[in-house]
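Asker: Before I ask anything, let me first share the structure, which is written out below as structure tokens.
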Amino acid sequence: ALYNDASQLPTLKYDFIVIGAGAAGNVIATRLTENSKFSVLVIEAGISDQGVLGVEVPFLAPSNLPNSSVTWNYSTTPQAALNDRVLAYSRGRVLGGSSSINFLTYTRGSNDEYNRWATLTGDQNWSWNKLSPYYFKSSRLVPPVDGHSTAGLVIPADHGNGPIQVSLPGMPSELDGRVVSTSKASGSQFPFNEDIQSGNSVGVGIAQSTIGGGVRSSSSTAYLEPVLNRPNLDVLIDNTVTRLVQSGTTGRTPIFKQVEFAPSASATRTIVTANNEVILSAGSIGTPQILMLSGIGNPSDLTALGIKSVVNLPDVGQHLQDHPIMSNYFLVNSTNTFDDVLRDPSILNADLAQWQNNNTGLFGNAPANAVAFLRIPSNASIFTTVQDPTAGSGSAHFEMIWADGFAANVIAQPATGHYVTINTAVVSPTSTGSVRLASADPFAFPLIDPGFFSTAFDQFAMLSAVKAARAFMSADAWKGFVISRFGPVGDAESDDDIIAAARDAIITIWHPTSTARMSPKNASWGVVDSQLLVKGVSGLRIVDASVIPIIPSAHTVAPVYILAERAADIIKAAW
Ligand SMILES: Cc1cc2nc3c(=O)[nH]c(=O)nc-3n(C[C@H](O)[C@H](O)[C@H](O)COP(=O)(O)OP(=O)(O)OC[C@H]3O[C@@H](n4cnc5c(N)ncnc54)[C@H](O)[C@@H]3O)c2cc1C
């Protein structure tokens with residue numbers, strides 16, 4: 001059942017306690033409660049996702065940002081390589097977590113990516129082949145809401161039969177045909193990839209999104225909601241976990257099977273106990289924060305804040321990685337872009353009414369229409385000094401994401417004109433950063449430093465992406481459609497000018513990972529072993545984006561679902 005007050009809970013003892021009802025947490029809760037012998041409590045800081053328009057309507061995803069009733073209003077520390085700008089760094093704070101507010105792009109990642117996880121963890125069970133059943137178990141392809149044929153644009157055999165619904169845009173845009181024909185005409189420069197979920201993720205294609213029947217499909221709608229009436233599942237929302245409580249020792253190893261939480265900073269705290277395990281699924285920001293608040297982390301950092309150090313694990317909160325992204329704008333000769341929708345409330349209301357009537361039209365689409373994952377040529381100058389950071393030839397260095405309108409972020413939408421945006425992202429960044437505590441107060445936000453754009457490789461990769469976007473939009477298919485480049489990034493000509501403009505234009509694509517990295521059991525680095533058990537602790541596992549060893553060259557929600565599906569089997573097998 002769903003509760004929002006601890007006093008309503010039927011018990012304060014469960015077999016498993018899951019912290020965070022996000023992408024991963026809801027998979028764990030759903031799979032564990034398939035076994036009627038296991039009782040599970042999920043504790044979530046945020047609210048219910050029911051009836052929140054910005055969550056349900058795919059096109060309105062950006063409207064939740066930077067801050068709303070369903071977000072953590074985080075920001076970064078000043079980013080040195082971005083002219084000291086402080087970036088908004090929202091995360092989902094709602095049932096479904098960030099899967100309820102993300103921009104819905106669904107990308108599995110390449111086979112190389114997962115084979116590297118296996119190598120880095122010394123555990124072949126994390127390889128592509130061993131994880132494939134979990135990919136097929138997590139999602140399935142459904143038709144676009146308008147029912148149009150998607151033949152040649154997606155390969156059904158590359159898709160599974162799991163709860164998360166994935167589809168191509170329900171209302172094709174004027175860009176789609178041009179993107180596909182430019183790709184096909186370019187040969188190997190912008191190779192067409194009929195389905196990027198096939199193992200080779202390099203190439204150009206129509207975006208696949210976590211949308212079914214024109215409505216967002218999240219870990220809440222697809223996993224949790226259908227099983228909320230299971231008698232062995234309780235979900236407590238509106239309550240923030242403040243720390244894990246040590247409940248004893250086994251040998252010399254501390255046991256952490258108790259969880260403290262409260263609805264607000266001033267409210268009384270409650271402690272619940274797990275008979276078997278606590279599973280931390282609070283995401284790449286929340287998970288290291290909770291570990292550190294519980295005395296698990298770098299001893300000198302914790303002691304400096306007055307927190308008693310219990311477990312010496314200096315990698316907690318380290319190695320934060322994320323994909324920097326920025327917008328390249330093109331002024332276009334069209335009145336069909338979504339620009340007028342955002343400018344004119346009567347058009348917006350008509351589109352919303354259409355969606356409310358039958359979930360069709362523009363509002364049933366994610367903001368992105370098409371995506372390209374591309375590699376820097378192997379003979380590029382950067383590789384004389386920098387080793388290729390990708391996992392292999394099926395993984396991209398950078399990404400281009402098309403939107404049929406002005407995707408406003410650093411610059412506001414102009415009052416006139418029609419635009420196409422190509423968002424360019426570095427998807428194999430070598431910059432790393434950290435999540436650290438600002439204070440011992442669990443309600444204070446942590447210090448988040450993604451270290452964006454701080455390496456020569458990341459700068460070269462963004463430059464390559466900008467050049468690729470310009471070359472793509474100069475192809476024949478766009479003649480008479482594209483009028484000119486637009487904005488400070490568009491005006492930059494030399495390599496130095498483009499990199500300088502990027503420093504003012506880069507934001508996050510909201511893909512933080514690796515702040516509690518998985519590593520081999522006896523490795524000196526890492527936070528969890530390949531069974532996802534926290535090192536030096538008994539009773540505590542982590543299942544979320546924080547355990548991913550290196551950020552994948554992919555949007556992160558699909559890898560998190562895959563990881564969580566396997567983790568659920570690991571936990572079932574252990575108990
Ligand atoms: C704006 C945005 C756009 C994105 N776009 C895409 C996209 O298009 N495609 C894609 O693949 N990925 C995208 N992502 C990333 C993707 O959604 C995340 O990688 C994924 O959701 C991470 O899953 P997780 O389980 O690690 O964490 P989350 O899904 O973030 O879940 C963590 C949960 O833990 C809860 N929590 C945290 N701390 C506490 C606490 N102390 N007590 C109780 N509960 C707590 C949070 O409220 C949240 O519900 C986007 C993310 C954002 C924010």
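Residues are named by chain letter and number: chains run A, B, ... in the order of the structure tokens, numbers start at 1 in each chain, and ligands are numbered from 1 in the order shown.
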Enumerate residues in contact with ligand 1: an atom-to-atom distance of at most 7 Å, counting only C-alpha atoms and all ligand atoms. Format the result as a PyMOL selection string.
Answerer: chain A and resi 19-25+43-46+65+90-99+101-107+239-242+281-284+286-287+290+509-512+544-546+555-558+560
Asker: Keeping only C-alpha atoms, write those residues as a PDB file, in the first residue's frame.
Answerer:
ATOM      1  CA  ILE A  19      15.708   3.736  -0.224  1.00  0.00           C
ATOM      2  CA  GLY A  20      14.428   5.753  -3.192  1.00  0.00           C
ATOM      3  CA  ALA A  21      11.513   4.922  -5.528  1.00  0.00           C
ATOM      4  CA  GLY A  22      13.466   5.915  -8.644  1.00  0.00           C
ATOM      5  CA  ALA A  23      14.356   4.101 -11.840  1.00  0.00           C
ATOM      6  CA  ALA A  24      16.245   1.355  -9.998  1.00  0.00           C
ATOM      7  CA  GLY A  25      14.379   1.280  -6.671  1.00  0.00           C
ATOM      8  CA  ILE A  43      10.976   5.043   1.341  1.00  0.00           C
ATOM      9  CA  GLU A  44      10.788   7.974  -1.088  1.00  0.00           C
ATOM     10  CA  ALA A  45      11.425  11.643  -0.332  1.00  0.00           C
ATOM     11  CA  GLY A  46       9.163  12.916  -3.116  1.00  0.00           C
ATOM     12  CA  LEU A  65      12.873  22.155 -14.724  1.00  0.00           C
ATOM     13  CA  SER A  90      17.752  18.840 -11.036  1.00  0.00           C
ATOM     14  CA  ARG A  91      16.904  15.244 -10.116  1.00  0.00           C
ATOM     15  CA  GLY A  92      13.484  13.617  -9.847  1.00  0.00           C
ATOM     16  CA  ARG A  93      11.920  13.789  -6.373  1.00  0.00           C
ATOM     17  CA  VAL A  94       8.718  11.864  -7.036  1.00  0.00           C
ATOM     18  CA  LEU A  95       7.622   8.240  -7.481  1.00  0.00           C
ATOM     19  CA  GLY A  96       9.702   7.076 -10.453  1.00  0.00           C
ATOM     20  CA  GLY A  97      12.553   9.413  -9.486  1.00  0.00           C
ATOM     21  CA  SER A  98      14.346  10.847 -12.498  1.00  0.00           C
ATOM     22  CA  SER A  99      12.539   8.341 -14.759  1.00  0.00           C
ATOM     23  CA  ILE A 101      11.013  13.732 -15.213  1.00  0.00           C
ATOM     24  CA  ASN A 102      13.631  12.689 -17.740  1.00  0.00           C
ATOM     25  CA  PHE A 103      13.448  13.593 -21.430  1.00  0.00           C
ATOM     26  CA  LEU A 104      12.447   9.995 -22.278  1.00  0.00           C
ATOM     27  CA  THR A 105      15.238   9.091 -24.716  1.00  0.00           C
ATOM     28  CA  TYR A 106      15.830   5.345 -24.538  1.00  0.00           C
ATOM     29  CA  THR A 107      19.304   4.013 -25.414  1.00  0.00           C
ATOM     30  CA  ASN A 239       9.796  11.072   3.773  1.00  0.00           C
ATOM     31  CA  THR A 240      13.533  11.706   3.477  1.00  0.00           C
ATOM     32  CA  VAL A 241      16.078   9.168   4.642  1.00  0.00           C
ATOM     33  CA  THR A 242      18.484  10.975   6.975  1.00  0.00           C
ATOM     34  CA  SER A 281      18.652   3.330  -4.634  1.00  0.00           C
ATOM     35  CA  ALA A 282      18.748   7.067  -3.997  1.00  0.00           C
ATOM     36  CA  GLY A 283      20.639   7.815  -7.231  1.00  0.00           C
ATOM     37  CA  SER A 284      24.109   9.178  -7.986  1.00  0.00           C
ATOM     38  CA  GLY A 286      21.429  10.813  -2.937  1.00  0.00           C
ATOM     39  CA  THR A 287      23.279   7.519  -2.465  1.00  0.00           C
ATOM     40  CA  ILE A 290      23.340   9.004   2.618  1.00  0.00           C
ATOM     41  CA  ILE A 509      22.147  16.334 -19.768  1.00  0.00           C
ATOM     42  CA  TRP A 510      21.391  15.057 -16.235  1.00  0.00           C
ATOM     43  CA  HIS A 511      23.261  11.733 -16.496  1.00  0.00           C
ATOM     44  CA  PRO A 512      25.369  11.581 -13.291  1.00  0.00           C
ATOM     45  CA  ASP A 544      21.265   2.673  -8.950  1.00  0.00           C
ATOM     46  CA  ALA A 545      23.303   4.717 -11.452  1.00  0.00           C
ATOM     47  CA  SER A 546      26.004   5.372  -8.833  1.00  0.00           C
ATOM     48  CA  HIS A 555      21.441   7.986 -21.986  1.00  0.00           C
ATOM     49  CA  THR A 556      21.475   6.342 -18.607  1.00  0.00           C
ATOM     50  CA  VAL A 557      17.979   5.138 -17.781  1.00  0.00           C
ATOM     51  CA  ALA A 558      18.062   1.952 -19.908  1.00  0.00           C
ATOM     52  CA  VAL A 560      19.925   1.483 -14.917  1.00  0.00           C
TER      53      VAL A 560
END
Asker: Would you pick out the contacts of Thr221 (chain A) at 9 Å or less, using only C-alpha atoms, so that residues sharing its chain but fewer than 4 positions from it are not included, and give the list as a tab-separated table (two decimals) with N, CA and C atoms, in the first residue's frame?
Answerer:
chain	number	residue	atom	x	y	z
A	49	ASP	N	3.38	10.53	-8.31
A	49	ASP	CA	3.42	11.03	-9.68
A	49	ASP	C	2.01	11.12	-10.28
A	95	LEU	N	7.62	9.67	-7.14
A	95	LEU	CA	7.62	8.24	-7.48
A	95	LEU	C	8.11	8.09	-8.92
A	96	GLY	N	9.06	7.21	-9.13
A	96	GLY	CA	9.70	7.08	-10.45
A	96	GLY	C	11.04	7.80	-10.50
A	100	SER	N	10.70	9.73	-13.97
A	100	SER	CA	9.42	10.45	-14.11
A	100	SER	C	9.60	11.85	-14.68
A	163	PRO	N	8.21	-4.42	-18.81
A	163	PRO	CA	7.18	-3.43	-18.48
A	163	PRO	C	7.37	-2.05	-19.12
A	164	ILE	N	8.60	-1.58	-19.26
A	164	ILE	CA	8.81	-0.21	-19.78
A	164	ILE	C	8.44	-0.18	-21.26
A	216	ARG	N	4.02	9.05	-20.85
A	216	ARG	CA	5.31	8.63	-20.29
A	216	ARG	C	5.20	7.26	-19.63
A	217	SER	N	6.18	6.42	-19.90
A	217	SER	CA	6.33	5.14	-19.22
A	217	SER	C	7.54	5.25	-18.30
A	225	GLU	N	3.35	0.89	-9.93
A	225	GLU	CA	1.90	1.10	-9.83
A	225	GLU	C	1.09	-0.20	-10.00
A	226	PRO	N	1.42	-1.04	-11.00
A	226	PRO	CA	0.62	-2.25	-11.18
A	226	PRO	C	0.70	-3.24	-10.01
Asker: Nearest residue to Asn4 (chain A) out of A:Asp340, A:Asp238, A:Asp476, A:Asp322, using only C-alpha atoms?
Answerer: A:Asp238
Asker: Do you know which residues are at most 12 Å from Thr150 (chain A) counting only C-alpha atoms, after dropping those on the same chain fewer than 2 positions away, and could you put them as JSON, numbers by chain?
Answerer: {"A": [141, 142, 143, 144, 145, 146, 147, 148, 152, 153, 154, 155, 156, 167, 168, 169, 170, 171, 172, 176, 194, 195, 205, 206, 207, 208]}
Asker: How many Å separate CA of Val180 (chain A) from CA of Leu331 (chain A)?
Answerer: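 Pair CA of Val180 (chain A) / CA of Leu331 (chain A) returns 20.1 Å.
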Asker: CA of Trp402 (chain A) and CA of Leu342 (chain A), how far apart in Å?
Answerer: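 So the answer is 17.1 Å.
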Asker: Got a sec to tell me which of region 47-277 of chain A DSSP assigns to helix (DSSP H, G or I), as an mmCIF file with C-alpha atoms, in the first residue's frame?
Answerer:
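New file states.cif:
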data_model
loop_
_atom_site.group_PDB
_atom_site.id
_atom_site.type_symbol
_atom_site.label_atom_id
_atom_site.label_comp_id
_atom_site.auth_asym_id
_atom_site.auth_seq_id
_atom_site.Cartn_x
_atom_site.Cartn_y
_atom_site.Cartn_z
ATOM 1 C CA LEU A 53 0.791 16.849 -16.026
ATOM 2 C CA GLY A 54 4.500 17.687 -16.469
ATOM 3 C CA VAL A 55 5.293 14.058 -15.621
ATOM 4 C CA GLU A 56 2.645 12.372 -17.774
ATOM 5 C CA PRO A 58 6.015 13.622 -22.827
ATOM 6 C CA PHE A 59 6.400 16.992 -24.573
ATOM 7 C CA LEU A 60 6.098 18.848 -21.254
ATOM 8 C CA ALA A 61 9.129 17.123 -19.686
ATOM 9 C CA PRO A 62 11.222 20.322 -19.785
ATOM 10 C CA SER A 63 8.480 22.207 -17.905
ATOM 11 C CA ASN A 64 9.466 20.490 -14.623
ATOM 12 C CA ALA A 80 35.961 26.247 -13.513
ATOM 13 C CA ALA A 81 36.088 25.245 -17.199
ATOM 14 C CA LEU A 82 32.687 26.885 -17.827
ATOM 15 C CA GLY A 97 12.553 9.413 -9.486
ATOM 16 C CA SER A 98 14.346 10.847 -12.498
ATOM 17 C CA SER A 99 12.539 8.341 -14.759
ATOM 18 C CA SER A 100 9.425 10.450 -14.107
ATOM 19 C CA ASN A 111 27.920 -4.357 -26.341
ATOM 20 C CA ASP A 112 31.442 -2.947 -25.761
ATOM 21 C CA GLU A 113 30.076 -0.878 -22.888
ATOM 22 C CA TYR A 114 28.826 -3.853 -20.872
ATOM 23 C CA ASN A 115 31.837 -6.010 -21.745
ATOM 24 C CA ARG A 116 33.954 -3.248 -20.184
ATOM 25 C CA TRP A 117 31.817 -3.446 -17.013
ATOM 26 C CA ALA A 118 32.648 -7.165 -16.903
ATOM 27 C CA THR A 119 36.362 -6.465 -17.320
ATOM 28 C CA LEU A 120 36.458 -3.666 -14.741
ATOM 29 C CA THR A 121 34.559 -5.689 -12.128
ATOM 30 C CA GLN A 124 31.601 -11.872 -16.552
ATOM 31 C CA ASN A 125 27.993 -11.731 -15.357
ATOM 32 C CA TRP A 126 28.060 -8.013 -16.222
ATOM 33 C CA TRP A 128 26.588 -7.876 -22.767
ATOM 34 C CA ASN A 129 25.667 -11.510 -23.320
ATOM 35 C CA LYS A 130 24.869 -12.163 -19.678
ATOM 36 C CA LEU A 131 22.914 -8.917 -19.307
ATOM 37 C CA SER A 132 20.887 -9.276 -22.505
ATOM 38 C CA PRO A 133 18.116 -11.321 -20.818
ATOM 39 C CA TYR A 134 17.713 -8.469 -18.329
ATOM 40 C CA TYR A 135 17.428 -5.907 -21.116
ATOM 41 C CA PHE A 136 14.708 -8.002 -22.751
ATOM 42 C CA LYS A 137 13.017 -8.373 -19.350
ATOM 43 C CA SER A 138 12.923 -4.609 -18.716
ATOM 44 C CA PRO A 156 11.543 -5.344 -33.373
ATOM 45 C CA ALA A 157 13.858 -8.325 -32.725
ATOM 46 C CA ASP A 158 16.177 -5.981 -30.794
ATOM 47 C CA GLU A 174 9.406 17.512 -40.748
ATOM 48 C CA LEU A 175 12.949 16.682 -39.605
ATOM 49 C CA ASP A 176 12.694 12.901 -39.524
ATOM 50 C CA GLY A 177 12.802 12.225 -43.271
ATOM 51 C CA ARG A 178 15.604 14.747 -43.793
ATOM 52 C CA VAL A 179 17.705 13.262 -40.986
ATOM 53 C CA VAL A 180 17.331 9.739 -42.357
ATOM 54 C CA SER A 181 18.022 10.718 -45.978
ATOM 55 C CA THR A 182 21.076 12.816 -45.022
ATOM 56 C CA SER A 183 22.419 9.870 -43.082
ATOM 57 C CA LYS A 184 21.827 7.368 -45.866
ATOM 58 C CA ALA A 185 23.338 9.681 -48.505
ATOM 59 C CA SER A 186 26.452 10.320 -46.378
ATOM 60 C CA ILE A 196 20.878 1.476 -31.863
ATOM 61 C CA GLN A 197 19.736 -1.134 -29.306
ATOM 62 C CA SER A 198 21.370 -3.877 -31.415
ATOM 63 C CA SER A 219 9.546 2.947 -13.311
ATOM 64 C CA SER A 220 6.483 4.122 -11.401
ATOM 65 C CA THR A 221 3.834 3.614 -14.118
ATOM 66 C CA ALA A 222 5.411 0.452 -15.573
ATOM 67 C CA TYR A 223 6.783 -1.363 -12.507
ATOM 68 C CA LEU A 224 5.471 -0.018 -9.187
ATOM 69 C CA GLU A 225 1.904 1.099 -9.829
ATOM 70 C CA PRO A 226 0.622 -2.253 -11.182
ATOM 71 C CA VAL A 227 1.836 -4.086 -8.034
#
Asker: Please identify all polymer residues within 10 Å of region 406-417 of chain A, counting only C-alpha atoms, omitting same-chain residues fewer than 2 positions from it, and present them as a PyMOL selection string.
Answerer: chain A and resi 62+87+326-335+337-340+342-343+367-368+402-404+419-423+487-488+504-507
Asker: Residues near region 521-525 of chain A, anyone? I mean within 10 Å using only C-alpha atoms, not counting same-chain ones fewer than 4 positions away, as number ranges by chain.
Answerer: A: 121-123, 313-316, 516-517, 529-535
Asker: The selected residues should be written to file as a PDB file, in the first residue's frame (atoms: C-alpha atoms).
Answerer:
ATOM      1  CA  THR A 121      34.559  -5.689 -12.128  1.00  0.00           C
ATOM      2  CA  GLY A 122      36.259  -8.978 -12.928  1.00  0.00           C
ATOM      3  CA  ASP A 123      32.792 -10.533 -13.195  1.00  0.00           C
ATOM      4  CA  LEU A 313      35.712   4.043   1.867  1.00  0.00           C
ATOM      5  CA  PRO A 314      37.355   7.082   0.235  1.00  0.00           C
ATOM      6  CA  ASP A 315      35.765   6.408  -3.181  1.00  0.00           C
ATOM      7  CA  VAL A 316      32.276   7.305  -1.878  1.00  0.00           C
ATOM      8  CA  ALA A 516      29.705   4.531  -5.701  1.00  0.00           C
ATOM      9  CA  ARG A 517      31.549   2.522  -8.331  1.00  0.00           C
ATOM     10  CA  ASP A 529      31.716  -5.352  -5.191  1.00  0.00           C
ATOM     11  CA  SER A 530      30.289  -7.040  -8.270  1.00  0.00           C
ATOM     12  CA  GLN A 531      27.388  -8.358  -6.152  1.00  0.00           C
ATOM     13  CA  LEU A 532      26.648  -4.670  -5.388  1.00  0.00           C
ATOM     14  CA  LEU A 533      27.420  -5.171  -1.667  1.00  0.00           C
ATOM     15  CA  VAL A 534      29.007  -2.166   0.038  1.00  0.00           C
ATOM     16  CA  LYS A 535      32.604  -3.005   0.930  1.00  0.00           C
TER      17      LYS A 535
END
Asker: Can you work out the spacing between CA of Thr430 (chain A) and CA of Gln387 (chain A) in Å, to one decimal?
Answerer: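 We find that CA of Thr430 (chain A) and CA of Gln387 (chain A) lie 10.1 Å from each other.
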Asker: Go through region 257-335 of chain A residue by residue and, counting only C-alpha atoms, keep those with an atom at most 12 Å from region 451-457 of chain A; for each kept residue give the shortest atom pair and its distance in Å to one decimal, ordered by chain and increasing number, as a tab-separated table.
Answerer:
residue	atom	partner	partner_atom	distance
A:Gln318	CA	A:Gly451	CA	11.3
A:His319	CA	A:Gly451	CA	9.7
A:Leu320	CA	A:Gly451	CA	8.3
A:Gln321	CA	A:Gly451	CA	8.0
A:Asp322	CA	A:Phe452	CA	7.7
A:His323	CA	A:Phe452	CA	8.1
A:Pro324	CA	A:Phe452	CA	6.4
A:Ile325	CA	A:Phe452	CA	9.9
A:Met326	CA	A:Phe453	CA	11.6
